[in-house]
Amino acid sequence: MALLTILTWPDPRLKTVAAPVRQFDARLATLAADMAQTMYAAPGIGLAATQVNVHERLVVIDTSEQKNDLRILVNPEIIWKSEAKFIYEEGCLSVPEIYDEVERAAQIKVRAQDLKGEFYTFDAEGLLAVCVQHELDHLLGKVFVEYLSPLKQSRIKTKLKKKIARGDLQTVR
Ligand code: GNR
Ligand code: NI
């Protein structure tokens, strides 16, 4: 197991669109395990491969209180979204210590594959639905702050630059 380095927004690599996973092999299982370890260590409730500079459709999520409900989503797709919306104060491991409200679908249906390539579906609402939508955005090269106003985005960039200058943040560049 290994801890992976998380890219910090606005790193241009976070804009990369992930490609589908094709090989359900030991390398994929190791990457998923390393991503889970990195998510739990952060700590976070989700992590997309994009954030660790691997541009494949792989996400790990655990929104449980006990941190004992790891979900591994390979090639995930949202196959249905409710009309009803849900506003939640989001954060992101790639945008440390910044939180703001984002509106998303309240309920979704998700189809994904497991590490063996078997398809499965599940329904999500509440925090899990927020997290799945947040992670699938990462796979499309989108970070939650990009839903905020340009003014907020530029303030966030300034804050993150100051943190990096202070040495509060690992710089990957
Ligand atoms: O750990 C995380 N918390 C979180 C809180 C509200 C909405 C979304 C998230 S996901 C985030 C981890 C992360 O950055 N995943 O990409
Ligand atoms: Ni994120």
# chains A, B, ... in the order shown; residues from 1 in each chain; ligands from 1
call {"tool": "closest_atom_pairs", "arguments": {"of": "chain A", "to": "ligand 2", "cutoff": "7 Å", "atoms": "only C-alpha atoms and all ligand atoms", "output": "CSV"}}
result
residue,atom,partner,partner_atom_place_in_ligand_line,distance
A:Leu47,CA,ligand 2,1 (Ni),6.4
A:Gly91,CA,ligand 2,1 (Ni),6.8
A:Cys92,CA,ligand 2,1 (Ni),3.8
A:Leu93,CA,ligand 2,1 (Ni),5.4
A:Ser94,CA,ligand 2,1 (Ni),5.8
A:His134,CA,ligand 2,1 (Ni),6.2
A:Glu135,CA,ligand 2,1 (Ni),6.2
A:His138,CA,ligand 2,1 (Ni),6.7
A:Val143,CA,ligand 2,1 (Ni),6.5
call {"tool": "closest_atom_pairs", "arguments": {"of": "chain A", "to": "ligand 1", "cutoff": "10 Å", "atoms": "only C-alpha atoms and all ligand atoms", "output": "CSV"}}
result
residue,atom,partner,partner_atom_place_in_ligand_line,distance
A:Ile6,CA,ligand 1,14 (O),9.3
A:Met39,CA,ligand 1,12 (C),7.4
A:Tyr40,CA,ligand 1,1 (O),9.1
A:Ala42,CA,ligand 1,1 (O),7.9
A:Pro43,CA,ligand 1,1 (O),6.5
A:Gly44,CA,ligand 1,1 (O),3.2
A:Ile45,CA,ligand 1,1 (O),4.1
A:Gly46,CA,ligand 1,15 (N),4.3
A:Leu47,CA,ligand 1,15 (N),4.2
A:Ala48,CA,ligand 1,16 (O),5.5
A:Ala49,CA,ligand 1,16 (O),8.9
A:Thr50,CA,ligand 1,16 (O),8.8
A:Gln51,CA,ligand 1,16 (O),7.1
A:Val59,CA,ligand 1,16 (O),8.5
A:Val60,CA,ligand 1,15 (N),8.7
A:Ile61,CA,ligand 1,15 (N),8.2
A:Asp62,CA,ligand 1,1 (O),9.2
A:Thr63,CA,ligand 1,3 (N),8.6
A:Tyr88,CA,ligand 1,6 (C),7.0
A:Glu89,CA,ligand 1,6 (C),6.0
A:Glu90,CA,ligand 1,6 (C),3.5
A:Gly91,CA,ligand 1,5 (C),4.5
A:Cys92,CA,ligand 1,14 (O),3.2
A:Leu93,CA,ligand 1,14 (O),3.9
A:Ser94,CA,ligand 1,14 (O),5.8
A:Val95,CA,ligand 1,14 (O),7.5
A:Pro96,CA,ligand 1,14 (O),8.6
A:Tyr99,CA,ligand 1,6 (C),8.0
A:Asp100,CA,ligand 1,6 (C),8.9
A:Glu101,CA,ligand 1,7 (C),9.0
A:Val102,CA,ligand 1,7 (C),8.6
A:Leu127,CA,ligand 1,7 (C),7.1
A:Leu128,CA,ligand 1,8 (C),8.8
A:Ala129,CA,ligand 1,7 (C),9.4
A:Val130,CA,ligand 1,7 (C),6.0
A:Cys131,CA,ligand 1,8 (C),4.8
A:Val132,CA,ligand 1,10 (S),8.3
A:Gln133,CA,ligand 1,8 (C),8.5
A:His134,CA,ligand 1,8 (C),5.9
A:Glu135,CA,ligand 1,16 (O),5.0
A:Leu136,CA,ligand 1,16 (O),8.5
A:Asp137,CA,ligand 1,16 (O),8.5
A:His138,CA,ligand 1,16 (O),6.6
A:Leu139,CA,ligand 1,16 (O),9.4
A:Val143,CA,ligand 1,16 (O),8.1
A:Phe144,CA,ligand 1,8 (C),8.4
call {"tool": "residues_around", "arguments": {"residues": "Leu160 (chain A)", "least_positions_apart": "3", "cutoff": "9 Å", "atoms": "only C-alpha atoms", "output": "PyMOL selection string"}}
result
chain A and resi 8-9+95-96+155-157+163-165+169
call {"tool": "residues_around", "arguments": {"residues": "Arg104 (chain A)", "least_positions_apart": "5", "cutoff": "7 Å", "atoms": "only C-alpha atoms", "output": "number ranges by chain"}}
result
A: 85-87, 130
call {"tool": "atom_distance", "arguments": {"atom1": "CA of Asn75 (chain A)", "atom2": "CA of Leu31 (chain A)"}}
result
14.2 Å
